[in-house]
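Asks: One file is attached below, my_file.cif, containing mmCIF, C-alpha atoms and all ligand atoms.
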data_target
loop_
_atom_site.group_PDB
_atom_site.id
_atom_site.type_symbol
_atom_site.label_atom_id
_atom_site.label_comp_id
_atom_site.auth_asym_id
_atom_site.auth_seq_id
_atom_site.Cartn_x
_atom_site.Cartn_y
_atom_site.Cartn_z
ATOM 1 C CA MET A 698 103.570 119.843 99.567
ATOM 2 C CA ARG A 699 102.040 116.468 98.947
ATOM 3 C CA ILE A 700 100.955 115.215 102.382
ATOM 4 C CA LEU A 701 99.618 111.780 103.279
ATOM 5 C CA VAL A 702 97.439 111.703 106.398
ATOM 6 C CA ALA A 703 97.140 108.151 107.730
ATOM 7 C CA ILE A 704 94.567 107.436 110.422
ATOM 8 C CA THR A 705 94.743 104.307 112.582
ATOM 9 C CA GLY A 706 92.550 102.755 115.257
ATOM 10 C CA ALA A 707 93.879 104.619 118.290
ATOM 11 C CA SER A 708 91.722 106.898 120.373
ATOM 12 C CA GLY A 709 92.076 110.493 119.216
ATOM 13 C CA ALA A 710 90.315 110.625 115.841
ATOM 14 C CA LEU A 711 89.733 114.324 116.574
ATOM 15 C CA TYR A 712 93.469 114.937 116.070
ATOM 16 C CA ALA A 713 93.171 113.617 112.508
ATOM 17 C CA GLN A 714 90.070 115.695 111.861
ATOM 18 C CA ARG A 715 91.705 118.870 113.135
ATOM 19 C CA LEU A 716 94.819 118.245 111.060
ATOM 20 C CA LEU A 717 92.657 117.816 107.945
ATOM 21 C CA ASP A 718 90.713 120.968 108.889
ATOM 22 C CA ASN A 719 93.964 122.919 108.987
ATOM 23 C CA LEU A 720 95.675 121.734 105.801
ATOM 24 C CA ASP A 721 94.701 124.035 102.953
ATOM 25 C CA PRO A 722 93.962 121.977 99.817
ATOM 26 C CA ARG A 723 94.805 125.060 97.697
ATOM 27 C CA GLU A 724 98.323 124.939 99.147
ATOM 28 C CA HIS A 725 98.823 121.196 99.503
ATOM 29 C CA GLU A 726 97.925 117.955 97.755
ATOM 30 C CA ILE A 727 96.222 115.986 100.519
ATOM 31 C CA HIS A 728 95.915 112.213 100.559
ATOM 32 C CA VAL A 729 94.109 110.176 103.226
ATOM 33 C CA VAL A 730 94.279 106.510 104.118
ATOM 34 C CA GLN A 731 92.634 104.758 107.078
ATOM 35 C CA SER A 732 93.418 101.455 108.759
ATOM 36 C CA ARG A 733 90.542 99.007 109.199
ATOM 37 C CA TYR A 734 90.237 99.801 112.926
ATOM 38 C CA ALA A 735 90.318 103.540 112.305
ATOM 39 C CA GLU A 736 86.751 103.337 111.005
ATOM 40 C CA GLN A 737 85.583 101.779 114.272
ATOM 41 C CA VAL A 738 87.219 104.451 116.436
ATOM 42 C CA ILE A 739 86.055 107.290 114.167
ATOM 43 C CA ALA A 740 82.494 105.969 114.397
ATOM 44 C CA GLY A 741 82.734 106.081 118.192
ATOM 45 C CA GLU A 742 84.545 109.407 118.561
ATOM 46 C CA LEU A 743 83.557 111.702 115.687
ATOM 47 C CA PRO A 744 79.838 112.417 115.524
ATOM 48 C CA GLY A 745 79.014 112.525 111.808
ATOM 49 C CA GLY A 746 82.220 110.688 110.910
ATOM 50 C CA LEU A 747 85.449 111.968 109.373
ATOM 51 C CA ARG A 748 85.078 115.057 107.176
ATOM 52 C CA PRO A 749 88.118 115.254 104.917
ATOM 53 C CA PRO A 750 88.358 118.256 102.575
ATOM 54 C CA ALA A 751 86.462 117.645 99.335
ATOM 55 C CA GLU A 752 89.717 117.956 97.378
ATOM 56 C CA ALA A 753 91.518 115.237 99.402
ATOM 57 C CA LYS A 754 92.208 111.958 97.652
ATOM 58 C CA LEU A 755 91.047 108.979 99.709
ATOM 59 C CA HIS A 756 92.918 105.703 99.219
ATOM 60 C CA ASN A 757 91.829 102.128 99.672
ATOM 61 C CA LEU A 758 93.975 100.429 102.309
ATOM 62 C CA LYS A 759 94.238 97.230 100.325
ATOM 63 C CA SER A 760 95.159 98.743 96.962
ATOM 64 C CA MET A 761 98.767 99.460 96.028
ATOM 65 C CA ASN A 762 97.528 101.692 93.187
ATOM 66 C CA ALA A 763 98.594 104.807 95.056
ATOM 67 C CA PRO A 764 101.607 106.891 94.048
ATOM 68 C CA PHE A 765 103.315 106.489 97.408
ATOM 69 C CA ALA A 766 103.300 102.684 97.212
ATOM 70 C CA SER A 767 106.478 103.182 95.194
ATOM 71 C CA GLY A 768 109.720 104.880 96.144
ATOM 72 C CA SER A 769 109.582 106.503 92.698
ATOM 73 C CA ASN A 770 106.665 108.712 93.800
ATOM 74 C CA PRO A 771 106.762 109.354 97.565
ATOM 75 C CA PRO A 772 104.818 112.081 99.377
ATOM 76 C CA ASP A 773 106.787 114.969 100.853
ATOM 77 C CA ALA A 774 105.456 114.041 104.270
ATOM 78 C CA MET A 775 103.306 111.445 105.973
ATOM 79 C CA VAL A 776 101.567 111.862 109.318
ATOM 80 C CA VAL A 777 100.144 108.844 111.144
ATOM 81 C CA ILE A 778 97.573 110.449 113.436
ATOM 82 C CA PRO A 779 96.545 108.987 115.779
ATOM 83 C CA CYS A 780 99.063 106.124 115.600
ATOM 84 C CA THR A 781 98.380 102.803 117.326
ATOM 85 C CA MET A 782 101.127 100.832 118.948
ATOM 86 C CA GLY A 783 100.326 98.065 116.477
ATOM 87 C CA THR A 784 100.947 100.264 113.437
ATOM 88 C CA MET A 785 104.017 101.758 115.080
ATOM 89 C CA GLY A 786 105.445 98.269 115.626
ATOM 90 C CA ARG A 787 104.633 97.209 112.078
ATOM 91 C CA ILE A 788 106.306 100.309 110.611
ATOM 92 C CA ALA A 789 109.341 99.861 112.874
ATOM 93 C CA HIS A 790 109.794 96.310 111.605
ATOM 94 C CA GLY A 791 109.199 96.951 107.935
ATOM 95 C CA TYR A 792 105.828 95.265 107.479
ATOM 96 C CA SER A 793 104.331 96.567 104.261
ATOM 97 C CA GLU A 794 101.245 94.473 103.672
ATOM 98 C CA ASP A 795 98.864 97.356 103.079
ATOM 99 C CA VAL A 796 99.278 100.755 101.462
ATOM 100 C CA LEU A 797 99.438 102.627 104.793
ATOM 101 C CA LEU A 798 102.370 100.526 106.013
ATOM 102 C CA ARG A 799 104.030 100.479 102.607
ATOM 103 C CA ALA A 800 103.768 104.266 102.375
ATOM 104 C CA ALA A 801 105.498 104.631 105.754
ATOM 105 C CA ASP A 802 108.201 102.222 104.565
ATOM 106 C CA VAL A 803 108.643 104.286 101.386
ATOM 107 C CA VAL A 804 108.726 107.592 103.271
ATOM 108 C CA LEU A 805 111.457 106.286 105.584
ATOM 109 C CA LYS A 806 113.592 104.756 102.844
ATOM 110 C CA GLU A 807 113.306 107.837 100.635
ATOM 111 C CA GLY A 808 114.277 110.126 103.503
ATOM 112 C CA ARG A 809 110.993 112.035 103.567
ATOM 113 C CA LYS A 810 109.270 113.279 106.705
ATOM 114 C CA LEU A 811 107.378 110.685 108.747
ATOM 115 C CA ILE A 812 105.521 112.013 111.797
ATOM 116 C CA LEU A 813 103.933 109.502 114.159
ATOM 117 C CA VAL A 814 101.388 110.702 116.731
ATOM 118 C CA PRO A 815 100.845 107.994 119.347
ATOM 119 C CA ARG A 816 98.374 108.357 122.190
ATOM 120 C CA GLU A 817 99.127 105.231 124.179
ATOM 121 C CA THR A 818 99.802 105.417 127.902
ATOM 122 C CA PRO A 819 101.567 103.895 129.755
ATOM 123 C CA LEU A 820 104.279 102.642 127.395
ATOM 124 C CA SER A 821 105.815 99.171 127.555
ATOM 125 C CA LEU A 822 109.448 98.427 126.743
ATOM 126 C CA VAL A 823 108.211 97.004 123.406
ATOM 127 C CA HIS A 824 106.683 100.376 122.542
ATOM 128 C CA VAL A 825 109.781 102.293 123.612
ATOM 129 C CA LYS A 826 112.116 99.982 121.649
ATOM 130 C CA ASN A 827 109.949 100.380 118.548
ATOM 131 C CA MET A 828 110.072 104.147 119.032
ATOM 132 C CA GLU A 829 113.861 103.967 119.362
ATOM 133 C CA LEU A 830 114.096 102.066 116.067
ATOM 134 C CA LEU A 831 111.857 104.583 114.347
ATOM 135 C CA LEU A 832 113.828 107.546 115.676
ATOM 136 C CA LEU A 833 117.046 105.932 114.442
ATOM 137 C CA ALA A 834 115.376 105.442 111.050
ATOM 138 C CA GLY A 835 114.573 109.151 110.870
ATOM 139 C CA ALA A 836 110.927 109.334 111.975
ATOM 140 C CA THR A 837 109.565 112.057 114.235
ATOM 141 C CA ILE A 838 107.571 110.806 117.207
ATOM 142 C CA LEU A 839 105.181 113.497 118.336
ATOM 143 C CA PRO A 840 103.028 112.090 121.147
ATOM 144 C CA ALA A 841 99.498 113.421 121.538
ATOM 145 C CA ASN A 842 100.409 115.162 124.801
ATOM 146 C CA PRO A 843 98.385 118.388 124.916
ATOM 147 C CA GLY A 844 99.747 121.556 126.476
ATOM 148 C CA PHE A 845 97.733 123.484 129.034
ATOM 149 C CA TYR A 846 99.728 126.680 129.477
ATOM 150 C CA SER A 847 97.499 128.405 126.905
ATOM 151 C CA HIS A 848 94.402 127.597 128.988
ATOM 152 C CA PRO A 849 92.435 125.765 126.281
ATOM 153 C CA LYS A 850 88.706 125.970 126.972
ATOM 154 C CA THR A 851 87.264 123.300 124.709
ATOM 155 C CA VAL A 852 88.191 119.760 123.721
ATOM 156 C CA GLN A 853 88.985 121.114 120.258
ATOM 157 C CA GLU A 854 91.358 123.702 121.716
ATOM 158 C CA VAL A 855 93.061 120.961 123.723
ATOM 159 C CA ALA A 856 93.450 118.829 120.576
ATOM 160 C CA ASP A 857 94.723 121.837 118.651
ATOM 161 C CA THR A 858 97.694 122.204 121.004
ATOM 162 C CA VAL A 859 98.910 118.863 119.576
ATOM 163 C CA VAL A 860 97.866 119.536 115.965
ATOM 164 C CA ALA A 861 99.707 122.890 116.041
ATOM 165 C CA ARG A 862 102.946 121.018 116.758
ATOM 166 C CA VAL A 863 102.241 118.573 113.913
ATOM 167 C CA LEU A 864 101.760 121.540 111.547
ATOM 168 C CA ASP A 865 104.990 123.097 112.869
ATOM 169 C CA HIS A 866 106.871 119.896 112.083
ATOM 170 C CA LEU A 867 105.324 119.729 108.621
ATOM 171 C CA GLY A 868 106.532 123.287 108.081
ATOM 172 C CA VAL A 869 102.978 124.595 107.667
ATOM 173 C CA PRO A 870 102.644 128.139 109.098
ATOM 174 C CA ASN A 871 99.820 128.240 111.642
ATOM 175 C CA GLN A 872 98.366 130.159 114.557
ATOM 176 C CA LEU A 873 96.300 127.221 115.757
ATOM 177 C CA ALA A 874 97.387 127.370 119.382
ATOM 178 C CA PRO A 875 98.969 130.216 121.338
ATOM 179 C CA ARG A 876 102.738 129.910 121.624
ATOM 180 C CA TRP A 877 104.636 130.232 124.846
ATOM 181 C CA ALA A 878 105.850 133.778 125.568
ATOM 182 C CA GLU A 879 104.273 135.015 122.338
ATOM 183 C CA GLU A 880 103.831 138.789 122.066
ATOM 184 C CA LYS A 881 100.135 139.712 122.220
ATOM 185 C CA GLU A 882 99.101 141.777 119.121
HETATM 186 C C1 LIG A 901 87.834 102.652 120.961
HETATM 187 C C2 LIG A 901 89.206 102.082 120.750
HETATM 188 C C3 LIG A 901 90.310 102.817 121.145
HETATM 189 C C4 LIG A 901 91.601 102.327 120.966
HETATM 190 N N1 LIG A 901 92.662 103.092 121.351
HETATM 191 C C5 LIG A 901 93.917 102.659 121.115
HETATM 192 C C6 LIG A 901 95.029 103.488 121.430
HETATM 193 O O1 LIG A 901 94.877 104.613 121.915
HETATM 194 N N2 LIG A 901 96.277 103.021 121.155
HETATM 195 C C7 LIG A 901 96.484 101.793 120.581
HETATM 196 O O2 LIG A 901 97.627 101.448 120.330
HETATM 197 N N3 LIG A 901 95.439 100.984 120.283
HETATM 198 C C8 LIG A 901 94.175 101.375 120.527
HETATM 199 N N4 LIG A 901 93.098 100.562 120.210
HETATM 200 C C9 LIG A 901 93.367 99.217 119.701
HETATM 201 C C10 LIG A 901 93.645 99.197 118.208
HETATM 202 O O3 LIG A 901 92.504 99.674 117.482
HETATM 203 C C11 LIG A 901 93.960 97.752 117.769
HETATM 204 O O4 LIG A 901 95.202 97.344 118.328
HETATM 205 C C12 LIG A 901 94.008 97.591 116.265
HETATM 206 O O5 LIG A 901 94.385 96.269 115.932
HETATM 207 C C13 LIG A 901 94.991 98.541 115.657
HETATM 208 O O6 LIG A 901 94.992 98.370 114.261
HETATM 209 P P1 LIG A 901 95.634 99.466 113.323
HETATM 210 O O7 LIG A 901 96.995 99.770 113.869
HETATM 211 O O8 LIG A 901 95.709 98.786 111.973
HETATM 212 O O9 LIG A 901 94.703 100.625 113.322
HETATM 213 C C14 LIG A 901 91.801 101.037 120.374
HETATM 214 C C15 LIG A 901 90.677 100.303 119.973
HETATM 215 C C16 LIG A 901 89.409 100.810 120.158
HETATM 216 C C17 LIG A 901 88.219 99.988 119.696
#
Please go through the file and, once you have read it, give me the structure as structure tokens.
Ligand SMILES: Cc1cc2nc3c(=O)[nH]c(=O)nc-3n(C[C@H](O)[C@H](O)[C@H](O)COP(=O)(O)O)c2cc1C

Replies:
Amino acid sequence: MRILVAITGASGALYAQRLLDNLDPREHEIHVVQSRYAEQVIAGELPGGLRPPAEAKLHNLKSMNAPFASGSNPPDAMVVIPCTMGTMGRIAHGYSEDVLLRAADVVLKEGRKLILVPRETPLSLVHVKNMELLLLAGATILPANPGFYSHPKTVQEVADTVVARVLDHLGVPNQLAPRWAEEKE
């Protein structure tokens, strides 16, 4: 699969890092784009910064010279992780002024998989209405709501309960987090 990982300026940069850690570049073509505010949050939350796989292709937010800026060459899937309410609203309303937003627009119009991972709480009616629009347009909204039934012991294990669901929705086989009622080997 060709997968675009888009990172925005919401808290939860670790979710993006763990997704990148668990996408095998030998199996997938991985592309990464960051919003301007993503850099600020990553600097505050990820000691050492973001560590994408060496094989990943990093894209400049302001350049439309990326394949997925055109409907003729969309990715198979795009994950916006973590997704701010601002980016969610802009995608819901068709703003396409940078390559991250344009890619989401392309993914929706070409019927590819768009997974949005918001962290915001509480939600306003504006947020919920934007989510409604996006669901109607075919996006998957997968809130960063960790599960605790597997008794995660570290922050990474907590984050992985969310990332495991993202991988499930991408169709990427994974054993990242224990599944409910799973048979023990
Ligand atoms: C440390 C930090 C954490 C933030 N967390 C969130 C968040 O969880 N959700 C959100 O919608 N915005 C959050 N924001 C605000 C966004 O970064 C801000 O609205 C920004 O304009 C979003 O731009 P972007 O969508 O292009 O990344 C946060 C900002 C900072 C500095």

Asks: State, in Å with one decimal place, the distance from CA of Pro840 in chain A to CA of Pro870 in chain A.

Replies: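 That distance, rounded to one decimal, is 20.1 Å.
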
Asks: Enumerate, in order of chain and increasing residue number, the residues of chain A with an atom no farther than 9 Å from ligand LIG 901 (chain A), each with its shortest atom pair and distance in Å to one decimal, counting only C-alpha atoms and all ligand atoms, as CSV.

Replies:
residue,atom,partner,partner_atom,distance
A:Ile704,CA,A:LIG901,O9,7.4
A:Thr705,CA,A:LIG901,O9,3.8
A:Gly706,CA,A:LIG901,O9,3.6
A:Ala707,CA,A:LIG901,C5,3.4
A:Ser708,CA,A:LIG901,N1,4.0
A:Gly709,CA,A:LIG901,O1,7.1
A:Gln731,CA,A:LIG901,O9,7.8
A:Ser732,CA,A:LIG901,O8,4.8
A:Arg733,CA,A:LIG901,O8,5.9
A:Tyr734,CA,A:LIG901,O9,4.6
A:Ala735,CA,A:LIG901,O9,5.4
A:Glu736,CA,A:LIG901,O9,8.7
A:Gln737,CA,A:LIG901,C17,6.3
A:Val738,CA,A:LIG901,C1,4.9
A:Ile739,CA,A:LIG901,C1,8.4
A:Gly741,CA,A:LIG901,C1,6.7
A:Glu742,CA,A:LIG901,C1,7.9
A:Pro779,CA,A:LIG901,O1,7.7
A:Cys780,CA,A:LIG901,O2,6.8
A:Thr781,CA,A:LIG901,O2,3.4
A:Met782,CA,A:LIG901,O2,3.8
A:Gly783,CA,A:LIG901,O7,4.6
A:Thr784,CA,A:LIG901,O7,4.0
A:Met785,CA,A:LIG901,O7,7.4
A:Gly786,CA,A:LIG901,O7,8.8
A:Arg787,CA,A:LIG901,O7,8.3
A:Leu797,CA,A:LIG901,O8,9.0
A:Pro815,CA,A:LIG901,N2,7.0
A:Arg816,CA,A:LIG901,O1,5.1
A:Glu817,CA,A:LIG901,N2,4.7
A:Thr818,CA,A:LIG901,O1,7.8

Asks: Could you check which of A:Asp865, A:Glu794, A:Asp718, A:Glu807 is closest to Arg748 in chain A, using only C-alpha atoms?

Replies: A:Asp718

Asks: Can you work out the spacing between CA of Leu758 in chain A and CA of Asp795 in chain A in Å, to one decimal?

Replies: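 A separation of 5.8 Å between them.
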
Asks: Quick one: which residues end up in the PyMOL selection byres (((chain A and resi 724) around 12) and not hetatm) for this structure, as a PDB file with C-alpha atoms, keeping the file's coordinate frame?

Replies:
ATOM      1  CA  MET A 698     103.570 119.843  99.567  1.00  0.00           C
ATOM      2  CA  ARG A 699     102.040 116.468  98.947  1.00  0.00           C
ATOM      3  CA  ILE A 700     100.955 115.215 102.382  1.00  0.00           C
ATOM      4  CA  ASN A 719      93.964 122.919 108.987  1.00  0.00           C
ATOM      5  CA  LEU A 720      95.675 121.734 105.801  1.00  0.00           C
ATOM      6  CA  ASP A 721      94.701 124.035 102.953  1.00  0.00           C
ATOM      7  CA  PRO A 722      93.962 121.977  99.817  1.00  0.00           C
ATOM      8  CA  ARG A 723      94.805 125.060  97.697  1.00  0.00           C
ATOM      9  CA  HIS A 725      98.823 121.196  99.503  1.00  0.00           C
ATOM     10  CA  GLU A 726      97.925 117.955  97.755  1.00  0.00           C
ATOM     11  CA  ILE A 727      96.222 115.986 100.519  1.00  0.00           C
ATOM     12  CA  GLU A 752      89.717 117.956  97.378  1.00  0.00           C
ATOM     13  CA  ALA A 753      91.518 115.237  99.402  1.00  0.00           C
ATOM     14  CA  VAL A 869     102.978 124.595 107.667  1.00  0.00           C
ATOM     15  CA  PRO A 870     102.644 128.139 109.098  1.00  0.00           C
TER      16      PRO A 870
END

Asks: Determine the nearest neighbour of Ile788 in chain A from the options A:Ala766, A:Leu716, A:His756, A:Leu830, counting all atoms listed in the file.

Replies: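 For Ile788 in chain A, the nearest of the candidates is A:Leu830.
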
Asks: List the residues matched by the PyMOL selection byres (((chain A and resi 858) around 12) and not hetatm) in the displayed structure as an MDAnalysis selection string, ordered by chain and then by residue number.

Replies: chainID A and resid 712 715:716 839:857 859:865 871:877

Asks: Calculated over only C-alpha atoms, which of the candidates A:Leu755, A:Leu867, A:Leu813, A:Ala713 has the smallest distance to Ala801 in chain A?

Replies: A:Leu813

Asks: Can you work out the spacing between CA of Val777 in chain A and CA of Pro749 in chain A in Å, to one decimal?

Replies: 15.0 Å

Asks: Could you tell me, as an MDAnalysis selection string, exactly which residues end up selected when the PyMOL selection byres (((chain A and resi 771) around 9) and not hetatm) is applied to this structure?

Replies: chainID A and resid 699 764:770 772:774 800 803:804 807 809

Asks: For range 718-822 of chain A in the structure I just supplied, write out C-alpha atoms - as a CSV table (one decimal), in the first residue's frame.

Replies:
chain,number,residue,atom,x,y,z
A,718,ASP,CA,7.3,2.6,13.9
A,719,ASN,CA,4.8,0.0,13.0
A,720,LEU,CA,4.5,0.5,9.2
A,721,ASP,CA,7.0,-1.7,7.4
A,722,PRO,CA,8.7,0.2,4.6
A,723,ARG,CA,9.5,-3.1,2.9
A,724,GLU,CA,5.7,-3.7,2.7
A,725,HIS,CA,4.4,-0.2,2.2
A,726,GLU,CA,5.4,3.0,0.4
A,727,ILE,CA,5.3,5.6,3.3
A,728,HIS,CA,4.9,9.3,2.8
A,729,VAL,CA,4.9,11.9,5.6
A,730,VAL,CA,3.7,15.5,5.7
A,731,GLN,CA,3.5,17.7,8.8
A,732,SER,CA,1.4,20.9,9.4
A,733,ARG,CA,3.3,24.0,10.6
A,734,TYR,CA,2.0,23.5,14.1
A,735,ALA,CA,2.9,19.8,14.2
A,736,GLU,CA,6.6,20.8,14.5
A,737,GLN,CA,5.9,22.8,17.6
A,738,VAL,CA,4.0,20.0,19.3
A,739,ILE,CA,6.5,17.4,18.3
A,740,ALA,CA,9.3,19.5,19.7
A,741,GLY,CA,7.4,19.6,23.0
A,742,GLU,CA,6.3,16.0,23.2
A,743,LEU,CA,8.8,13.8,21.4
A,744,PRO,CA,12.3,14.0,22.9
A,745,GLY,CA,14.7,13.8,20.0
A,746,GLY,CA,11.9,14.8,17.5
A,747,LEU,CA,10.0,12.6,15.0
A,748,ARG,CA,11.9,9.6,13.7
A,749,PRO,CA,10.3,8.5,10.5
A,750,PRO,CA,11.7,5.4,8.8
A,751,ALA,CA,14.7,6.2,6.6
A,752,GLU,CA,12.8,5.0,3.5
A,753,ALA,CA,9.8,7.3,4.1
A,754,LYS,CA,9.4,10.2,1.7
A,755,LEU,CA,8.9,13.5,3.6
A,756,HIS,CA,6.9,16.2,1.8
A,757,ASN,CA,7.0,20.0,2.0
A,758,LEU,CA,3.6,21.3,3.2
A,759,LYS,CA,3.7,24.2,0.8
A,760,SER,CA,4.7,22.3,-2.3
A,761,MET,CA,2.0,20.6,-4.6
A,762,ASN,CA,4.8,18.6,-6.2
A,763,ALA,CA,3.6,15.4,-4.5
A,764,PRO,CA,1.8,12.6,-6.3
A,765,PHE,CA,-1.3,12.8,-4.1
A,766,ALA,CA,-1.9,16.5,-4.9
A,767,SER,CA,-3.7,15.1,-7.9
A,768,GLY,CA,-6.6,12.8,-8.2
A,769,SER,CA,-4.6,11.0,-10.9
A,770,ASN,CA,-2.2,9.6,-8.3
A,771,PRO,CA,-3.8,9.3,-4.9
A,772,PRO,CA,-2.4,7.2,-2.0
A,773,ASP,CA,-4.3,4.0,-1.0
A,774,ALA,CA,-4.8,5.5,2.4
A,775,MET,CA,-4.2,8.6,4.4
A,776,VAL,CA,-4.1,8.9,8.2
A,777,VAL,CA,-4.2,12.3,9.9
A,778,ILE,CA,-2.7,11.5,13.3
A,779,PRO,CA,-3.1,13.3,15.6
A,780,CYS,CA,-5.7,15.5,13.9
A,781,THR,CA,-6.5,19.0,15.2
A,782,MET,CA,-10.0,20.4,15.1
A,783,GLY,CA,-8.7,23.1,12.8
A,784,THR,CA,-7.5,20.6,10.2
A,785,MET,CA,-10.6,18.5,10.6
A,786,GLY,CA,-12.8,21.6,9.9
A,787,ARG,CA,-10.7,22.5,6.9
A,788,ILE,CA,-10.9,19.0,5.4
A,789,ALA,CA,-14.7,18.9,6.1
A,790,HIS,CA,-15.1,22.2,4.2
A,791,GLY,CA,-12.9,21.4,1.3
A,792,TYR,CA,-10.0,23.8,2.0
A,793,SER,CA,-7.0,22.7,0.0
A,794,GLU,CA,-4.5,25.4,0.4
A,795,ASP,CA,-1.6,23.1,1.3
A,796,VAL,CA,-0.6,19.6,0.3
A,797,LEU,CA,-1.9,18.0,3.5
A,798,LEU,CA,-5.4,19.4,3.0
A,799,ARG,CA,-5.3,18.9,-0.7
A,800,ALA,CA,-4.3,15.2,-0.2
A,801,ALA,CA,-7.2,14.7,2.2
A,802,ASP,CA,-9.5,16.3,-0.4
A,803,VAL,CA,-8.1,14.0,-3.1
A,804,VAL,CA,-8.4,10.9,-0.9
A,805,LEU,CA,-12.1,11.7,-0.2
A,806,LYS,CA,-13.0,12.4,-3.8
A,807,GLU,CA,-11.2,9.4,-5.2
A,808,GLY,CA,-12.9,7.1,-2.6
A,809,ARG,CA,-9.7,6.1,-0.9
A,810,LYS,CA,-9.4,5.5,2.9
A,811,LEU,CA,-9.1,8.6,5.0
A,812,ILE,CA,-8.6,8.0,8.8
A,813,LEU,CA,-8.7,11.0,11.1
A,814,VAL,CA,-7.4,10.6,14.7
A,815,PRO,CA,-8.6,13.5,16.8
A,816,ARG,CA,-7.7,14.0,20.4
A,817,GLU,CA,-9.8,16.9,21.4
A,818,THR,CA,-12.0,16.9,24.4
A,819,PRO,CA,-14.7,18.0,25.1
A,820,LEU,CA,-16.2,18.4,21.6
A,821,SER,CA,-18.3,21.4,20.5
A,822,LEU,CA,-21.2,21.2,18.2
